[in-house]
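**Q** Sharing protein-v9.cif (mmCIF, N, CA and C atoms) below.
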```
data_upload
loop_
_atom_site.label_atom_id
_atom_site.label_comp_id
_atom_site.auth_asym_id
_atom_site.auth_seq_id
_atom_site.Cartn_x
_atom_site.Cartn_y
_atom_site.Cartn_z
N MET L 74 -17.44 -18.45 -0.71
CA MET L 74 -17.48 -17.21 0.08
C MET L 74 -16.31 -16.32 -0.36
N PRO L 75 -16.58 -15.06 -0.68
CA PRO L 75 -15.49 -14.16 -1.12
C PRO L 75 -14.53 -13.87 0.04
N ASN L 76 -13.28 -13.70 -0.32
CA ASN L 76 -12.30 -13.36 0.72
C ASN L 76 -12.37 -11.87 1.03
N ARG L 77 -11.61 -11.46 2.03
CA ARG L 77 -11.66 -10.08 2.52
C ARG L 77 -11.32 -9.06 1.42
N ASN L 78 -10.27 -9.34 0.63
CA ASN L 78 -9.87 -8.41 -0.43
C ASN L 78 -10.96 -8.26 -1.49
N GLU L 79 -11.60 -9.37 -1.84
CA GLU L 79 -12.70 -9.29 -2.81
C GLU L 79 -13.84 -8.44 -2.26
N TYR L 80 -14.16 -8.64 -0.99
CA TYR L 80 -15.21 -7.84 -0.36
C TYR L 80 -14.85 -6.36 -0.36
N LEU L 81 -13.62 -6.02 0.05
CA LEU L 81 -13.21 -4.62 0.09
C LEU L 81 -13.21 -3.99 -1.30
N ASN L 82 -12.73 -4.73 -2.29
CA ASN L 82 -12.73 -4.20 -3.66
C ASN L 82 -14.15 -3.94 -4.15
N LYS L 83 -15.06 -4.86 -3.86
CA LYS L 83 -16.46 -4.68 -4.26
C LYS L 83 -17.06 -3.48 -3.53
N TYR L 84 -16.79 -3.37 -2.24
CA TYR L 84 -17.31 -2.25 -1.45
C TYR L 84 -16.80 -0.92 -2.01
N LYS L 85 -15.51 -0.82 -2.27
CA LYS L 85 -14.94 0.42 -2.80
C LYS L 85 -15.55 0.76 -4.16
N LYS L 86 -15.71 -0.26 -5.00
CA LYS L 86 -16.25 -0.02 -6.34
C LYS L 86 -17.67 0.53 -6.26
N GLU L 87 -18.44 0.06 -5.28
CA GLU L 87 -19.83 0.50 -5.14
C GLU L 87 -19.98 1.82 -4.39
N ASN L 88 -18.99 2.19 -3.57
CA ASN L 88 -19.17 3.33 -2.66
C ASN L 88 -18.17 4.47 -2.83
N TYR L 89 -17.18 4.31 -3.68
CA TYR L 89 -16.16 5.35 -3.84
C TYR L 89 -16.00 5.70 -5.31
N LYS L 90 -15.57 6.90 -5.56
CA LYS L 90 -15.25 7.36 -6.91
C LYS L 90 -13.85 7.96 -6.87
N ARG L 91 -12.98 7.47 -7.72
CA ARG L 91 -11.62 7.99 -7.78
C ARG L 91 -11.60 9.28 -8.60
N ILE L 92 -10.78 10.22 -8.15
CA ILE L 92 -10.64 11.50 -8.83
C ILE L 92 -9.15 11.65 -9.19
N PRO L 93 -8.80 11.40 -10.43
CA PRO L 93 -7.40 11.59 -10.81
C PRO L 93 -7.02 13.07 -10.71
N LEU L 94 -5.83 13.32 -10.24
CA LEU L 94 -5.35 14.69 -10.08
C LEU L 94 -3.90 14.74 -10.53
N ASP L 95 -3.64 15.51 -11.55
CA ASP L 95 -2.28 15.67 -12.05
C ASP L 95 -1.72 17.00 -11.58
N VAL L 96 -0.57 16.97 -10.94
CA VAL L 96 0.14 18.17 -10.54
C VAL L 96 1.60 18.01 -10.91
N THR L 97 2.30 19.11 -11.04
CA THR L 97 3.71 19.04 -11.34
C THR L 97 4.45 18.43 -10.15
N THR L 98 5.62 17.93 -10.38
CA THR L 98 6.42 17.34 -9.31
C THR L 98 6.69 18.36 -8.22
N ASP L 99 7.01 19.59 -8.60
CA ASP L 99 7.26 20.65 -7.62
C ASP L 99 6.03 20.90 -6.75
N LYS L 100 4.86 20.98 -7.39
CA LYS L 100 3.62 21.22 -6.65
C LYS L 100 3.34 20.06 -5.70
N TYR L 101 3.55 18.83 -6.17
CA TYR L 101 3.32 17.66 -5.33
C TYR L 101 4.22 17.71 -4.09
N GLU L 102 5.46 18.06 -4.27
CA GLU L 102 6.39 18.13 -3.13
C GLU L 102 5.93 19.18 -2.12
N LYS L 103 5.42 20.31 -2.60
CA LYS L 103 4.90 21.35 -1.70
C LYS L 103 3.68 20.83 -0.94
N ILE L 104 2.78 20.15 -1.64
CA ILE L 104 1.60 19.58 -0.99
C ILE L 104 2.01 18.53 0.03
N LYS L 105 2.92 17.67 -0.35
CA LYS L 105 3.39 16.60 0.53
C LYS L 105 4.04 17.16 1.79
N ASN L 106 4.88 18.17 1.63
CA ASN L 106 5.55 18.78 2.78
C ASN L 106 4.55 19.49 3.69
N HIS L 107 3.61 20.19 3.09
CA HIS L 107 2.59 20.89 3.88
C HIS L 107 1.77 19.88 4.68
N ALA L 108 1.34 18.82 4.04
CA ALA L 108 0.57 17.79 4.72
C ALA L 108 1.38 17.15 5.84
N ALA L 109 2.62 16.84 5.58
CA ALA L 109 3.49 16.21 6.59
C ALA L 109 3.68 17.13 7.80
N ASN L 110 3.81 18.42 7.55
CA ASN L 110 3.96 19.38 8.65
C ASN L 110 2.73 19.43 9.54
N ARG L 111 1.60 18.98 9.02
CA ARG L 111 0.36 18.95 9.80
C ARG L 111 0.01 17.52 10.21
N SER L 112 0.95 16.62 10.06
CA SER L 112 0.76 15.20 10.40
C SER L 112 -0.42 14.60 9.63
N GLU L 113 -0.54 14.96 8.35
CA GLU L 113 -1.60 14.45 7.49
C GLU L 113 -0.99 13.72 6.31
N SER L 114 -1.77 12.85 5.73
CA SER L 114 -1.37 12.26 4.45
C SER L 114 -1.73 13.26 3.35
N VAL L 115 -1.17 13.07 2.17
CA VAL L 115 -1.54 13.93 1.04
C VAL L 115 -3.03 13.77 0.76
N ASN L 116 -3.52 12.55 0.77
CA ASN L 116 -4.93 12.28 0.51
C ASN L 116 -5.81 12.98 1.56
N GLY L 117 -5.44 12.86 2.81
CA GLY L 117 -6.20 13.50 3.88
C GLY L 117 -6.21 15.01 3.75
N PHE L 118 -5.06 15.56 3.40
CA PHE L 118 -4.97 17.02 3.22
C PHE L 118 -5.87 17.49 2.08
N ILE L 119 -5.83 16.79 0.96
CA ILE L 119 -6.64 17.18 -0.20
C ILE L 119 -8.12 17.09 0.15
N LYS L 120 -8.54 16.03 0.84
CA LYS L 120 -9.94 15.90 1.24
C LYS L 120 -10.35 17.02 2.19
N ARG L 121 -9.49 17.36 3.15
CA ARG L 121 -9.79 18.44 4.08
C ARG L 121 -9.88 19.78 3.34
N ALA L 122 -8.96 20.01 2.42
CA ALA L 122 -8.97 21.26 1.65
C ALA L 122 -10.26 21.39 0.85
N ILE L 123 -10.71 20.30 0.26
CA ILE L 123 -11.96 20.32 -0.50
C ILE L 123 -13.14 20.60 0.43
N ASP L 124 -13.20 19.88 1.56
CA ASP L 124 -14.31 20.09 2.51
C ASP L 124 -14.36 21.53 3.01
N GLU L 125 -13.21 22.07 3.39
CA GLU L 125 -13.18 23.43 3.92
C GLU L 125 -13.56 24.46 2.86
N THR L 126 -13.11 24.26 1.63
CA THR L 126 -13.45 25.18 0.55
C THR L 126 -14.94 25.13 0.23
N MET L 127 -15.49 23.91 0.17
CA MET L 127 -16.92 23.78 -0.11
C MET L 127 -17.75 24.42 0.99
N LYS L 128 -17.35 24.24 2.24
CA LYS L 128 -18.07 24.85 3.37
C LYS L 128 -18.00 26.38 3.27
N ARG L 129 -16.81 26.91 3.01
CA ARG L 129 -16.62 28.35 2.90
C ARG L 129 -17.43 28.91 1.71
N ASP L 130 -17.42 28.20 0.60
CA ASP L 130 -18.14 28.69 -0.58
C ASP L 130 -19.65 28.67 -0.42
N SER L 131 -20.15 27.83 0.48
CA SER L 131 -21.60 27.75 0.65
C SER L 131 -22.12 28.77 1.68
N GLN L 132 -21.23 29.50 2.31
CA GLN L 132 -21.65 30.49 3.31
C GLN L 132 -22.02 31.80 2.65
#
```
Take the structure from the file and write it as structure tokens.

**A**
Amino acid sequence: MPNRNEYLNKYKKENYKRIPLDVTTDKYEKIKNHAANRSESVNGFIKRAIDETMKRDSQ
């Protein structure tokens, strides 16, 4: 029987796609600070920004 980590890794591999994103250190710090000011993680902020932009662009 696979352990929990093996299950999670398999699930992520089948259901998620990683998107590498390179930004300058200065830009990352700005993103990090902005997200922190909104009590968000950097990942959460980027996902929200994408969702909001896609919604706005489809209107």

**Q** Go ahead and compute the interatomic distance for CA of Tyr84 (chain L) and CA of Met127 (chain L), in Å to one decimal.

**A**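 Result for CA of Tyr84 (chain L) versus CA of Met127 (chain L): 26.1 Å, one decimal.
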
**Q** Hey, can you check how far atom N of Lys120 (chain L) sits from CA of Asn88 (chain L)?

**A** 16.9 Å

**Q** Mind checking DSSP for chain L and telling me the alpha helix (DSSP H) residues as a ChimeraX atom specification?

**A** /L:77-88,98-110,115-130

**Q** Rounded to one decimal place, report the CA of Arg121 (chain L)-atom N of Lys90 (chain L) distance in Å.

**A** 16.1 Å

**Q** Which residue, L:Lys128, L:Asp95, L:Tyr101, L:Glu87, has the smallest gap to Val115 (chain L) when you use only C-alpha atoms?

**A**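 Of the candidates, the smallest distance to Val115 (chain L) is held by L:Tyr101.
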
**Q** Between L:Asn78, L:Asp130, L:Ile119, L:Ser114, which has the minimum distance to Leu94 (chain L) (counting only C-alpha atoms)?

**A**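 For Leu94 (chain L), the nearest of the candidates is L:Ile119.
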